[in-house]
$ cat upload-v2.cif   # mmCIF, C-alpha atoms and all ligand atoms
data_start
loop_
_atom_site.label_atom_id
_atom_site.label_comp_id
_atom_site.auth_asym_id
_atom_site.auth_seq_id
_atom_site.Cartn_x
_atom_site.Cartn_y
_atom_site.Cartn_z
CA MET Z 30 43.95 99.48 8.25
CA TYR Z 31 40.89 101.63 8.94
CA HIS Z 32 38.85 103.35 6.30
CA TYR Z 33 37.40 106.74 7.00
CA ILE Z 34 36.36 108.12 3.71
CA GLU Z 35 32.91 106.61 3.62
CA TYR Z 36 32.15 107.22 7.27
CA GLY Z 37 33.44 110.67 8.03
CA PRO Z 38 31.96 112.86 10.73
CA THR Z 39 28.54 114.32 10.28
CA ASP Z 40 27.06 117.57 11.47
CA GLY Z 41 25.22 116.14 14.43
CA PRO Z 42 23.33 113.19 15.76
CA ARG Z 43 20.01 114.26 14.23
CA ASP Z 44 21.11 114.61 10.62
CA ASP Z 45 21.26 110.88 10.21
CA GLN Z 46 18.65 109.53 12.55
CA GLU Z 47 18.75 106.00 11.20
CA LYS Z 48 22.50 105.68 11.64
CA TYR Z 49 22.25 107.27 15.04
CA ASP Z 50 19.59 104.82 16.20
CA ARG Z 51 21.60 101.88 14.91
CA PHE Z 52 24.67 103.24 16.73
CA MET Z 53 22.78 103.58 20.01
CA GLU Z 54 21.36 100.08 19.58
CA ARG Z 55 24.87 98.67 19.22
CA ILE Z 56 26.05 100.54 22.30
CA GLU Z 57 23.07 99.41 24.33
CA ALA Z 58 23.75 95.82 23.26
CA GLY Z 59 27.30 96.10 24.61
CA GLU Z 60 28.92 96.04 21.16
CA LYS Z 61 32.18 97.93 20.74
CA ILE Z 62 32.53 100.78 18.28
CA GLU Z 63 35.67 100.69 16.14
CA ALA Z 64 37.63 103.60 14.69
CA ASP Z 65 36.12 103.37 11.20
CA ASP Z 66 32.53 102.74 12.30
CA TRP Z 67 29.98 105.50 11.88
CA MET Z 68 29.65 107.52 15.07
CA PRO Z 69 27.82 110.71 16.00
CA GLU Z 70 30.08 113.71 16.02
CA GLU Z 71 29.23 114.39 19.67
CA TYR Z 72 30.68 110.97 20.54
CA ARG Z 73 33.80 111.48 18.45
CA VAL Z 74 34.47 114.92 19.88
CA ALA Z 75 33.93 113.77 23.47
CA LEU Z 76 36.28 110.82 22.94
CA ILE Z 77 39.00 112.95 21.36
CA LYS Z 78 38.83 115.36 24.27
CA LEU Z 79 38.87 112.63 26.91
CA ILE Z 80 41.54 110.43 25.36
CA SER Z 81 43.92 113.15 24.23
CA MET Z 82 43.77 114.65 27.71
CA HIS Z 83 44.29 111.23 29.28
CA GLY Z 84 47.20 110.44 26.95
CA ILE Z 85 48.99 113.74 27.36
CA SER Z 86 48.48 113.59 31.15
CA GLU Z 87 50.33 110.26 31.23
CA ILE Z 88 53.28 111.97 29.57
CA MET Z 89 53.04 115.14 31.66
CA GLY Z 90 52.90 112.92 34.75
CA ALA Z 91 56.07 111.10 33.77
CA LEU Z 92 58.00 114.40 33.69
CA PRO Z 93 57.86 115.22 37.43
CA GLU Z 94 58.17 111.52 38.22
CA LYS Z 95 61.48 111.13 36.47
CA GLU Z 96 63.01 113.83 38.65
CA TRP Z 97 62.86 111.31 41.49
CA THR Z 98 65.18 108.80 39.88
CA PRO Z 99 68.46 110.44 40.99
CA LYS Z 100 66.96 111.35 44.38
CA ALA Z 101 65.39 108.00 45.30
CA PRO Z 102 67.13 106.53 48.37
CA THR Z 103 68.00 103.02 47.14
CA MET Z 104 68.79 101.25 43.88
CA LYS Z 105 65.58 99.27 44.17
CA ARG Z 106 63.49 102.41 44.49
CA LYS Z 107 65.32 104.04 41.57
CA LEU Z 108 64.50 101.05 39.40
CA GLY Z 109 60.89 101.16 40.57
CA ILE Z 110 60.58 104.83 39.60
CA MET Z 111 62.28 104.23 36.25
CA ALA Z 112 59.90 101.38 35.45
CA LYS Z 113 56.97 103.60 36.30
CA VAL Z 114 58.21 106.47 34.12
CA GLN Z 115 58.61 104.05 31.23
CA ASP Z 116 55.10 102.69 31.80
CA GLU Z 117 53.59 106.18 31.79
CA MET Z 118 55.31 107.08 28.52
CA GLY Z 119 54.02 103.80 27.10
CA HIS Z 120 50.49 104.61 28.28
CA GLY Z 121 50.80 108.04 26.68
CA GLN Z 122 51.81 106.52 23.35
CA LEU Z 123 48.96 103.98 23.38
CA LEU Z 124 46.39 106.64 24.15
CA LEU Z 125 47.71 109.17 21.65
CA ARG Z 126 47.33 106.51 18.96
CA VAL Z 127 43.68 106.06 19.93
CA ALA Z 128 43.10 109.81 19.85
CA GLU Z 129 44.96 110.21 16.54
CA ASP Z 130 42.76 107.66 14.78
CA LEU Z 131 39.70 109.54 15.98
CA MET Z 132 41.11 112.87 14.78
CA LYS Z 133 41.80 111.61 11.25
CA PRO Z 134 38.58 112.94 9.70
CA TYR Z 135 39.69 116.40 10.85
CA GLY Z 136 43.14 115.95 9.31
CA LYS Z 137 44.83 116.32 12.68
CA THR Z 138 47.94 114.43 13.79
CA ARG Z 139 50.32 114.01 16.72
CA LYS Z 140 52.03 117.24 15.76
CA ASP Z 141 48.73 119.07 16.35
CA LEU Z 142 48.36 117.42 19.76
CA MET Z 143 51.83 118.54 20.83
CA GLU Z 144 51.20 122.03 19.56
CA ASP Z 145 47.77 122.18 21.25
CA LEU Z 146 49.42 121.16 24.51
CA LEU Z 147 52.06 123.86 24.26
CA SER Z 148 49.49 126.51 23.29
CA GLY Z 149 47.22 125.55 26.19
CA ASP Z 150 44.33 124.21 24.09
CA LEU Z 151 44.93 120.65 25.24
CA LYS Z 152 44.74 120.38 29.00
CA PHE Z 153 46.43 117.94 31.35
CA HIS Z 154 45.38 116.60 34.72
CA ASN Z 155 45.34 119.01 37.69
CA VAL Z 156 47.67 116.84 39.80
CA PHE Z 157 50.55 117.20 37.35
CA HIS Z 158 50.56 120.99 37.72
CA MET Z 159 51.58 120.63 41.37
CA PRO Z 160 55.08 120.75 42.88
CA THR Z 161 56.73 117.86 44.69
CA LYS Z 162 58.88 118.61 47.70
CA THR Z 163 59.93 115.56 49.68
CA TRP Z 164 60.44 111.85 49.10
CA ALA Z 165 57.06 111.32 50.76
CA ASP Z 166 55.52 112.96 47.67
CA ALA Z 167 56.91 110.20 45.46
CA GLY Z 168 55.08 107.71 47.65
CA MET Z 169 51.93 109.81 47.89
CA VAL Z 170 51.72 110.24 44.11
CA GLY Z 171 52.10 106.50 43.55
CA TRP Z 172 49.74 105.50 46.32
CA LEU Z 173 46.94 108.04 45.97
CA VAL Z 174 47.33 109.72 42.57
CA ASP Z 175 47.84 106.42 40.76
CA GLY Z 176 45.19 105.04 43.13
CA ALA Z 177 42.74 107.73 41.98
CA ALA Z 178 43.66 107.02 38.36
CA ILE Z 179 42.89 103.35 38.91
CA ILE Z 180 39.43 104.23 40.25
CA SER Z 181 38.57 106.43 37.28
CA GLN Z 182 40.16 104.17 34.64
CA THR Z 183 38.70 100.87 35.83
CA ASN Z 184 35.32 102.60 35.59
CA MET Z 185 35.88 102.72 31.82
CA LEU Z 186 37.21 99.18 31.31
CA ASP Z 187 33.98 98.31 29.51
CA ALA Z 188 33.83 101.55 27.51
CA SER Z 189 31.80 101.43 24.31
CA TYR Z 190 34.77 102.58 22.22
CA GLY Z 191 36.80 99.44 21.43
CA PRO Z 192 40.32 100.89 20.97
CA TYR Z 193 40.13 102.90 24.21
CA GLN Z 194 38.72 100.00 26.15
CA ARG Z 195 41.53 97.74 24.90
CA ALA Z 196 44.20 100.29 25.79
CA LEU Z 197 42.73 100.61 29.27
CA GLN Z 198 43.03 96.87 29.97
CA ARG Z 199 46.79 97.10 29.59
CA ILE Z 200 47.08 100.45 31.35
CA CYS Z 201 45.07 99.40 34.40
CA GLN Z 202 47.19 96.28 34.88
CA GLU Z 203 50.32 98.41 34.99
CA GLU Z 204 48.84 101.11 37.21
CA VAL Z 205 48.52 98.48 39.91
CA PHE Z 206 52.33 98.17 39.99
CA HIS Z 207 52.59 101.94 40.49
CA ALA Z 208 50.08 101.98 43.32
CA GLN Z 209 51.88 99.07 45.02
CA HIS Z 210 55.24 100.75 44.63
CA GLY Z 211 53.81 103.95 46.11
CA GLU Z 212 52.24 102.02 48.94
CA ALA Z 213 55.57 100.38 49.75
CA ILE Z 214 57.23 103.82 50.00
CA ILE Z 215 54.39 105.04 52.24
CA MET Z 216 54.61 101.99 54.51
CA ALA Z 217 58.36 102.40 54.94
CA LEU Z 218 57.89 106.05 55.95
CA ALA Z 219 54.89 105.32 58.17
CA GLU Z 220 56.94 102.76 60.10
CA GLY Z 221 59.98 105.04 60.18
CA THR Z 222 61.32 107.84 62.34
CA GLU Z 223 59.32 110.75 63.67
CA HIS Z 224 60.71 112.93 60.90
CA GLN Z 225 59.65 110.41 58.27
CA ARG Z 226 56.12 110.32 59.68
CA ALA Z 227 56.07 114.10 59.73
CA ILE Z 228 56.98 114.49 56.05
CA LEU Z 229 54.36 111.86 55.24
CA GLN Z 230 51.63 113.81 56.99
CA GLU Z 231 52.83 117.08 55.49
CA SER Z 232 52.72 115.54 52.04
CA LEU Z 233 49.17 114.24 52.49
CA ASN Z 234 48.04 117.66 53.73
CA ARG Z 235 49.42 119.27 50.61
CA TRP Z 236 47.99 116.69 48.20
CA TRP Z 237 44.52 116.47 49.75
CA PRO Z 238 42.80 119.27 47.74
CA SER Z 239 44.39 118.04 44.49
CA LEU Z 240 43.13 114.52 45.18
CA LEU Z 241 39.57 115.75 45.71
CA MET Z 242 39.82 117.82 42.52
CA PHE Z 243 41.17 114.86 40.55
CA PHE Z 244 37.68 113.53 39.79
CA GLY Z 245 36.33 116.90 38.69
CA PRO Z 246 33.40 118.89 40.07
CA ALA Z 247 30.17 117.10 40.99
CA SER Z 248 28.17 119.05 38.43
CA ALA Z 249 28.57 121.58 35.66
CA ASP Z 250 27.22 124.28 38.02
CA THR Z 251 30.60 124.38 39.72
CA THR Z 252 32.86 125.06 36.78
CA GLY Z 253 30.49 125.89 33.95
CA SER Z 254 31.03 122.80 31.82
CA SER Z 255 31.06 119.08 32.31
CA LYS Z 256 31.17 116.21 29.88
CA GLN Z 257 30.16 113.57 32.39
CA ASP Z 258 26.56 113.20 31.17
CA ILE Z 259 27.66 112.59 27.59
CA MET Z 260 30.21 110.05 28.82
CA ILE Z 261 27.54 108.11 30.65
CA LYS Z 262 24.95 108.40 27.88
CA TYR Z 263 27.37 106.86 25.39
CA LYS Z 264 28.56 104.23 27.85
CA ILE Z 265 32.13 105.49 27.86
CA ARG Z 266 32.08 105.42 31.63
CA LYS Z 267 29.65 104.12 34.21
CA SER Z 268 29.79 106.54 37.13
CA ASN Z 269 29.69 110.28 37.52
CA ASN Z 270 32.44 112.39 39.11
CA GLU Z 271 31.01 112.36 42.60
CA GLU Z 272 30.45 108.59 42.57
CA LEU Z 273 34.08 108.11 41.58
CA ARG Z 274 35.27 110.46 44.32
CA GLN Z 275 33.15 108.57 46.84
CA ALA Z 276 34.63 105.26 45.67
CA PHE Z 277 38.09 106.74 46.13
CA LEU Z 278 37.33 108.01 49.63
CA ASP Z 279 35.73 104.67 50.49
CA LYS Z 280 38.81 102.77 49.46
CA TYR Z 281 41.54 105.03 50.80
CA LEU Z 282 40.29 106.98 53.82
CA PRO Z 283 40.13 103.87 56.07
CA ARG Z 284 43.71 103.06 54.99
CA VAL Z 285 44.85 106.63 55.66
CA PHE Z 286 43.34 106.55 59.17
CA SER Z 287 44.70 103.09 59.94
CA LEU Z 288 48.22 104.38 59.29
CA GLY Z 289 47.57 107.00 61.97
CA LEU Z 290 47.46 109.78 59.36
CA THR Z 291 44.85 112.53 59.18
CA VAL Z 292 43.42 114.65 56.38
CA PRO Z 293 43.38 118.45 56.61
CA ASP Z 294 39.60 118.67 56.92
CA GLU Z 295 38.00 118.25 60.34
CA THR Z 296 34.56 117.78 58.84
CA VAL Z 297 35.46 114.55 57.05
CA HIS Z 298 33.28 111.67 58.19
CA TYR Z 299 31.16 108.88 56.83
CA ASP Z 300 27.44 109.56 56.93
CA GLU Z 301 25.88 106.15 57.64
CA LYS Z 302 22.38 107.25 56.72
CA GLU Z 303 23.30 108.80 53.40
CA GLU Z 304 25.98 106.18 52.82
CA ARG Z 305 28.51 108.72 51.67
CA TRP Z 306 31.61 110.55 52.79
CA VAL Z 307 31.05 114.12 53.84
CA TYR Z 308 33.94 116.47 53.06
CA GLN Z 309 34.62 120.13 52.43
CA GLN Z 310 34.66 121.12 48.76
CA PRO Z 311 38.06 122.09 47.42
CA ASP Z 312 38.40 125.52 45.80
CA TRP Z 313 36.96 124.87 42.34
CA ASP Z 314 38.03 128.30 41.09
CA GLU Z 315 41.56 127.29 41.91
CA PHE Z 316 40.95 124.05 39.97
CA LYS Z 317 39.88 126.07 36.93
CA ARG Z 318 43.00 128.21 37.19
CA ILE Z 319 45.23 125.16 37.54
CA ILE Z 320 43.97 123.36 34.45
CA LYS Z 321 44.24 126.60 32.48
CA ASN Z 322 47.99 126.20 33.03
CA LYS Z 323 48.07 128.73 35.85
CA GLY Z 324 49.02 126.18 38.50
CA PRO Z 325 52.21 126.33 40.58
CA ARG Z 326 54.27 124.19 38.16
CA SER Z 327 52.28 124.42 34.92
CA LYS Z 328 54.79 126.56 33.08
CA GLU Z 329 57.85 124.53 34.15
CA ARG Z 330 56.27 121.22 33.15
CA LEU Z 331 55.18 122.56 29.77
CA ARG Z 332 58.66 123.94 29.30
CA LEU Z 333 60.15 120.46 29.90
CA ARG Z 334 57.88 119.05 27.19
CA GLU Z 335 58.74 121.89 24.86
CA VAL Z 336 62.48 121.44 25.39
CA ALA Z 337 62.18 117.70 24.67
CA TYR Z 338 60.11 118.46 21.57
CA GLU Z 339 62.57 121.04 20.27
CA ASN Z 340 65.70 119.07 21.15
CA ASN Z 341 64.45 116.04 19.26
CA ARG Z 342 63.31 117.94 16.20
CA TRP Z 343 66.51 117.03 14.35
CA VAL Z 344 65.75 113.33 14.87
CA ARG Z 345 62.29 113.73 13.38
CA GLN Z 346 63.80 115.57 10.44
CA ALA Z 347 66.77 113.25 9.93
CA LEU Z 348 64.59 110.13 9.88
CA SER Z 349 61.78 111.57 7.79
CA LYS Z 350 60.98 110.07 4.42
CA GLU Z 351 62.27 113.12 2.60
CA ALA Z 352 65.66 112.91 4.28
CA ILE Z 353 66.05 109.17 3.83
CA GLY Z 354 64.44 109.08 0.42
CA SER Z 355 62.38 105.95 0.97
CA MET O 30 60.34 122.25 4.13
CA GLU O 31 60.79 121.56 7.83
CA GLU O 32 57.06 121.02 8.30
CA THR O 33 56.76 118.29 5.67
CA ASN O 34 59.85 116.54 6.98
CA GLU O 35 58.48 116.19 10.45
CA THR O 36 55.05 114.97 9.47
CA SER O 37 56.39 112.05 7.48
CA PHE O 38 58.37 110.95 10.55
CA TYR O 39 55.14 109.54 11.92
CA GLN O 40 54.20 106.39 10.02
CA GLU O 41 51.53 104.04 11.33
CA TYR O 42 52.55 100.50 12.20
CA GLU O 43 50.48 97.68 13.63
CA VAL O 44 52.29 95.52 16.16
CA PHE O 45 51.85 91.77 16.56
CA SER O 46 53.61 89.43 18.95
CA LYS O 47 53.92 85.83 19.99
CA LYS O 48 53.96 84.92 23.64
CA SER O 49 54.92 81.26 23.65
CA VAL O 50 55.88 78.50 21.22
CA LYS O 51 52.33 77.21 21.19
CA ALA O 52 50.60 80.60 20.94
CA PRO O 53 49.58 82.15 17.62
CA ILE O 54 50.85 85.59 16.74
CA GLN O 55 48.50 88.17 18.23
CA HIS O 56 47.68 91.79 17.48
CA GLN O 57 48.90 94.15 20.21
CA PHE O 58 48.34 97.74 19.23
CA SER O 59 49.59 100.38 16.83
CA LEU O 60 52.40 102.88 17.07
CA LEU O 61 54.01 105.69 15.10
CA ALA O 62 57.57 105.30 13.87
CA PRO O 63 59.66 106.56 10.94
CA ASN O 64 60.77 103.09 9.76
CA GLU O 65 60.54 99.38 10.47
CA GLU O 66 63.62 99.21 12.67
CA MET O 67 62.41 101.96 14.95
CA ALA O 68 58.92 100.49 14.92
CA LEU O 69 60.36 97.21 16.14
CA SER O 70 62.37 98.72 18.94
CA MET O 71 59.46 100.93 19.99
CA ALA O 72 57.21 97.89 19.96
CA MET O 73 59.56 96.26 22.47
CA GLU O 74 59.56 99.42 24.59
CA ASN O 75 55.84 100.02 24.41
CA PHE O 76 54.37 96.57 24.67
CA MET O 77 56.92 94.00 25.88
CA ARG O 78 58.24 95.54 29.07
CA ARG O 79 57.02 92.75 31.33
CA GLU O 80 55.44 89.92 29.42
CA ASP O 81 57.12 86.92 27.82
CA VAL O 82 57.71 87.37 24.14
CA LEU O 83 59.21 85.12 21.48
CA ASP O 84 58.61 87.11 18.33
CA VAL O 85 57.39 90.53 17.23
CA TRP O 86 56.04 91.64 13.86
CA VAL O 87 55.53 95.20 12.76
CA VAL O 88 53.40 95.82 9.69
CA LYS O 89 52.77 99.12 8.02
CA ARG O 90 49.09 99.83 8.41
CA ASP O 91 48.72 100.70 4.71
CA ASN O 92 49.74 97.16 3.84
CA ILE O 93 46.87 95.58 5.71
CA ARG O 94 43.64 95.14 3.81
CA ALA O 95 41.19 94.94 6.68
CA MET O 96 37.45 94.78 6.26
CA THR O 97 35.73 98.14 6.14
CA SER O 98 33.12 98.95 8.72
CA GLU O 99 30.42 98.03 6.20
CA GLU O 100 32.09 94.77 5.26
CA ARG O 101 32.33 93.77 8.90
CA MET O 102 28.67 94.56 9.29
CA ASN O 103 27.64 92.51 6.26
CA TRP O 104 30.11 89.67 6.16
CA THR O 105 30.60 88.66 9.76
CA LYS O 106 26.99 88.03 10.73
CA ARG O 107 26.48 84.26 10.61
CA LEU O 108 23.14 83.06 9.33
CA ASP O 109 21.73 80.24 11.36
CA ASN O 110 22.15 77.77 8.50
CA LYS O 111 25.64 76.39 8.98
CA ASP O 112 24.82 73.25 10.87
CA TYR O 113 25.97 71.09 7.98
CA ARG O 114 29.49 72.48 8.45
CA ARG O 115 29.64 71.41 12.04
CA THR O 116 28.42 67.84 11.68
CA LYS O 117 26.07 68.62 14.53
CA GLY O 118 23.50 65.87 14.90
CA THR O 119 25.22 63.71 12.29
CA VAL O 120 24.40 60.07 12.75
CA ILE O 121 27.54 58.02 12.56
FE FE Z 401 49.64 105.56 33.62
FE FE Z 402 50.71 105.31 36.84
#
$ encode --input "upload-v2.cif" --output "structure tokens" --more "lines below"
Ligand SMILES: [Fe+2]
Ligand SMILES: [Fe+2]
Amino acid sequence: MYHYIEYGPTDGPRDDQEKYDRFMERIEAGEKIEADDWMPEEYRVALIKLISMHGISEIMGALPEKEWTPKAPTMKRKLGIMAKVQDEMGHGQLLLRVAEDLMKPYGKTRKDLMEDLLSGDLKFHNVFHMPTKTWADAGMVGWLVDGAAIISQTNMLDASYGPYQRALQRICQEEVFHAQHGEAIIMALAEGTEHQRAILQESLNRWWPSLLMFFGPASADTTGSSKQDIMIKYKIRKSNNEELRQAFLDKYLPRVFSLGLTVPDETVHYDEKEERWVYQQPDWDEFKRIIKNKGPRSKERLRLREVAYENNRWVRQALSKEAIGS
Amino acid sequence: MEETNETSFYQEYEVFSKKSVKAPIQHQFSLLAPNEEMALSMAMENFMRREDVLDVWVVKRDNIRAMTSEERMNWTKRLDNKDYRRTKGTVI
């Protein structure tokens, strides 16, 4: 459906100034770029990185989530978790398609994405490297991790890249179900026994640093590289990492406190004059280690993906064109 | 030959669906599947988990002749000279 041959990648934005200017004009005018439109290589590369990481994170997030299905306390909750797992796999498939179309000029396919994931070249979100311990974690992940995802994804609902922006419309609608399901689990625990309230607080304490890390460091100084400026320049997203983190704190900290919960940082407060939440920085070196697949559950989660990939290899072979002869 | 086998498993399909009797068929998204039957069942899984649906089409992407980027650029810009097609200002 899309035609790449005439409009393959170029060596950089400057080699084709006229095309580049036209491209920027379209973006500034709010037009959407389609897969076969000319685009600067910097834009293509940034999109591939962002969208393949987003897509694979949806799938890597579904893996720990599905472990809750047998353990969820009621049939209704089991069904809720199952629906969420299915949604996340669906999100992953949508996003991988968007990334794959962008990778075409490089001759790369889904197989490369899976192999890049297993080799560590393709990273997945820091939160999905973390262990889950109690049922409160299932609620916390839905409420605050999906909540954080909603903040960062709705920020890109008007992204300049058409296929990504269209995928996000669908994804964001469904994320709301996840956040509501998580919230319902949290509410039940918050109104429950002393033990239930205790596991809730313990869960929040554990997830707090990961939630702060979710939006990435405020600037490249912290971790050595950051794509946020390119993302904003090309109107892929509107806000920078810190603005997103502030929006998250703004939305959720009042809710956390109103449930009688605390966060494991005594310095947390809202600075009226600066109009921002003050908080202690998480350990960004730890963040770097985590996303390099050195987090507490990185290896196990990758192993799950690898096992699924290997176990289903016979299906891919049996249904291939060569085997069927079509 | 394992490598070749696996790559051809992934064929590109475009998915279209119809929401109600009065609605036209609408493009949804694309997916990868080894054949039409699997494309259809994956379309149901991927796109029709919650919404109403009356019909689904899957079309191999190669079989769609879409406009190229250049054609879209050149052919879809309307010149401001089509009034006569709209009977705007026609005295009856
Ligand atoms: Fe998702
Ligand atoms: Fe989700």
$ closest_atom_pairs --input "upload-v2.cif" --of "chain Z" --to "ligand FE 402 (chain Z)" --cutoff "10 Å" --atoms "only C-alpha atoms and all ligand atoms" --output "Markdown table"
| residue | atom | partner | partner_atom | distance |
| --- | --- | --- | --- | --- |
| Z:Glu87 | CA | Z:FE402 | FE | 7.5 |
| Z:Gly90 | CA | Z:FE402 | FE | 8.2 |
| Z:Ala91 | CA | Z:FE402 | FE | 8.5 |
| Z:Glu94 | CA | Z:FE402 | FE | 9.8 |
| Z:Lys113 | CA | Z:FE402 | FE | 6.5 |
| Z:Val114 | CA | Z:FE402 | FE | 8.1 |
| Z:Gln115 | CA | Z:FE402 | FE | 9.8 |
| Z:Asp116 | CA | Z:FE402 | FE | 7.2 |
| Z:Glu117 | CA | Z:FE402 | FE | 5.9 |
| Z:Met118 | CA | Z:FE402 | FE | 9.7 |
| Z:His120 | CA | Z:FE402 | FE | 8.6 |
| Z:Val170 | CA | Z:FE402 | FE | 8.8 |
| Z:Gly171 | CA | Z:FE402 | FE | 7.0 |
| Z:Trp172 | CA | Z:FE402 | FE | 9.5 |
| Z:Val174 | CA | Z:FE402 | FE | 8.0 |
| Z:Asp175 | CA | Z:FE402 | FE | 5.0 |
| Z:Gly176 | CA | Z:FE402 | FE | 8.4 |
| Z:Ala177 | CA | Z:FE402 | FE | 9.8 |
| Z:Ala178 | CA | Z:FE402 | FE | 7.4 |
| Z:Ile179 | CA | Z:FE402 | FE | 8.3 |
| Z:Ile200 | CA | Z:FE402 | FE | 8.2 |
| Z:Cys201 | CA | Z:FE402 | FE | 8.5 |
| Z:Gln202 | CA | Z:FE402 | FE | 9.9 |
| Z:Glu203 | CA | Z:FE402 | FE | 7.2 |
| Z:Glu204 | CA | Z:FE402 | FE | 4.6 |
| Z:Val205 | CA | Z:FE402 | FE | 7.8 |
| Z:Phe206 | CA | Z:FE402 | FE | 8.0 |
| Z:His207 | CA | Z:FE402 | FE | 5.3 |
| Z:Ala208 | CA | Z:FE402 | FE | 7.3 |
| Z:Gly211 | CA | Z:FE402 | FE | 9.9 |
$ interface_residues --input "upload-v2.cif" --of "chain Z" --to "chain O" --cutoff "9 Å" --atoms "only C-alpha atoms" --output "ChimeraX atom specification"
/Z:30-33,36,63-67,112,115-116,118-120,122-123,126-127,138-140,192,195-196,342-352
$ write_last_selection --input "upload-v2.cif" --atoms "C-alpha atoms" --output "mmCIF file, in the coordinates of the input"
data_model
loop_
_atom_site.group_PDB
_atom_site.id
_atom_site.type_symbol
_atom_site.label_atom_id
_atom_site.label_comp_id
_atom_site.auth_asym_id
_atom_site.auth_seq_id
_atom_site.Cartn_x
_atom_site.Cartn_y
_atom_site.Cartn_z
ATOM 1 C CA MET Z 30 43.950 99.480 8.250
ATOM 2 C CA TYR Z 31 40.890 101.630 8.940
ATOM 3 C CA HIS Z 32 38.850 103.350 6.300
ATOM 4 C CA TYR Z 33 37.400 106.740 7.000
ATOM 5 C CA TYR Z 36 32.150 107.220 7.270
ATOM 6 C CA GLU Z 63 35.670 100.690 16.140
ATOM 7 C CA ALA Z 64 37.630 103.600 14.690
ATOM 8 C CA ASP Z 65 36.120 103.370 11.200
ATOM 9 C CA ASP Z 66 32.530 102.740 12.300
ATOM 10 C CA TRP Z 67 29.980 105.500 11.880
ATOM 11 C CA ALA Z 112 59.900 101.380 35.450
ATOM 12 C CA GLN Z 115 58.610 104.050 31.230
ATOM 13 C CA ASP Z 116 55.100 102.690 31.800
ATOM 14 C CA MET Z 118 55.310 107.080 28.520
ATOM 15 C CA GLY Z 119 54.020 103.800 27.100
ATOM 16 C CA HIS Z 120 50.490 104.610 28.280
ATOM 17 C CA GLN Z 122 51.810 106.520 23.350
ATOM 18 C CA LEU Z 123 48.960 103.980 23.380
ATOM 19 C CA ARG Z 126 47.330 106.510 18.960
ATOM 20 C CA VAL Z 127 43.680 106.060 19.930
ATOM 21 C CA THR Z 138 47.940 114.430 13.790
ATOM 22 C CA ARG Z 139 50.320 114.010 16.720
ATOM 23 C CA LYS Z 140 52.030 117.240 15.760
ATOM 24 C CA PRO Z 192 40.320 100.890 20.970
ATOM 25 C CA ARG Z 195 41.530 97.740 24.900
ATOM 26 C CA ALA Z 196 44.200 100.290 25.790
ATOM 27 C CA ARG Z 342 63.310 117.940 16.200
ATOM 28 C CA TRP Z 343 66.510 117.030 14.350
ATOM 29 C CA VAL Z 344 65.750 113.330 14.870
ATOM 30 C CA ARG Z 345 62.290 113.730 13.380
ATOM 31 C CA GLN Z 346 63.800 115.570 10.440
ATOM 32 C CA ALA Z 347 66.770 113.250 9.930
ATOM 33 C CA LEU Z 348 64.590 110.130 9.880
ATOM 34 C CA SER Z 349 61.780 111.570 7.790
ATOM 35 C CA LYS Z 350 60.980 110.070 4.420
ATOM 36 C CA GLU Z 351 62.270 113.120 2.600
ATOM 37 C CA ALA Z 352 65.660 112.910 4.280
#
$ closest_residue --input "upload-v2.cif" --among "Z:Gly84, Z:Pro102, Z:Gly324, Z:Gly168" --to "ligand FE 401 (chain Z)" --atoms "all atoms listed in the file"
Z:Gly84
$ residues_around --input "upload-v2.cif" --residues "region 144-152 of chain Z" --least-positions-apart "3" --cutoff "8 Å" --atoms "all atoms listed in the file" --output "PyMOL selection string"
chain Z and resi 81-82+85+140-141+320-322+331+335
$ residues_around --input "upload-v2.cif" --residues "Ala167 (chain Z)" --least-positions-apart "6" --cutoff "9 Å" --atoms "only C-alpha atoms" --output "list in words"
Glu94, Trp97, Ala101, Ile110, Thr161, Gly211, Ile214 and Ile215 of chain Z
$ atom_distance --input "upload-v2.cif" --atom1 "CA of Ile319 (chain Z)" --atom2 "CA of Glu295 (chain Z)"
24.9 Å
$ atom_distance --input "upload-v2.cif" --atom1 "CA of Ala213 (chain Z)" --atom2 "CA of Arg326 (chain Z)"
26.5 Å
$ atom_distance --input "upload-v2.cif" --atom1 "CA of Met77 (chain O)" --atom2 "CA of Tyr193 (chain Z)"
19.1 Å
$ residues_around --input "upload-v2.cif" --residues "Leu282 (chain Z)" --least-positions-apart "6" --cutoff "10 Å" --atoms "only C-alpha atoms" --output "PDB file with C-alpha atoms, in the frame of the given file"
ATOM      1  CA  LEU Z 288      48.220 104.380  59.290  1.00  0.00           C
ATOM      2  CA  LEU Z 290      47.460 109.780  59.360  1.00  0.00           C
ATOM      3  CA  THR Z 291      44.850 112.530  59.180  1.00  0.00           C
ATOM      4  CA  VAL Z 292      43.420 114.650  56.380  1.00  0.00           C
ATOM      5  CA  VAL Z 297      35.460 114.550  57.050  1.00  0.00           C
ATOM      6  CA  HIS Z 298      33.280 111.670  58.190  1.00  0.00           C
ATOM      7  CA  TYR Z 299      31.160 108.880  56.830  1.00  0.00           C
ATOM      8  CA  TRP Z 306      31.610 110.550  52.790  1.00  0.00           C
TER       9      TRP Z 306
END
$ residues_around --input "upload-v2.cif" --residues "Gln225 (chain Z)" --least-positions-apart "5" --cutoff "12 Å" --atoms "all atoms listed in the file" --output "list in words"
Thr163, Trp164, Ala165, Asp166, Gly168, Ile214, Ile215, Met216, Ala217, Leu218, Ala219, Glu220, Gln230, Glu231 and Ser232 of chain Z
$ residues_near_point --input "upload-v2.cif" --point "(22.6, 109.2, 27.0)" --cutoff "12 Å" --atoms "all atoms listed in the file" --output "count of residues only"
19
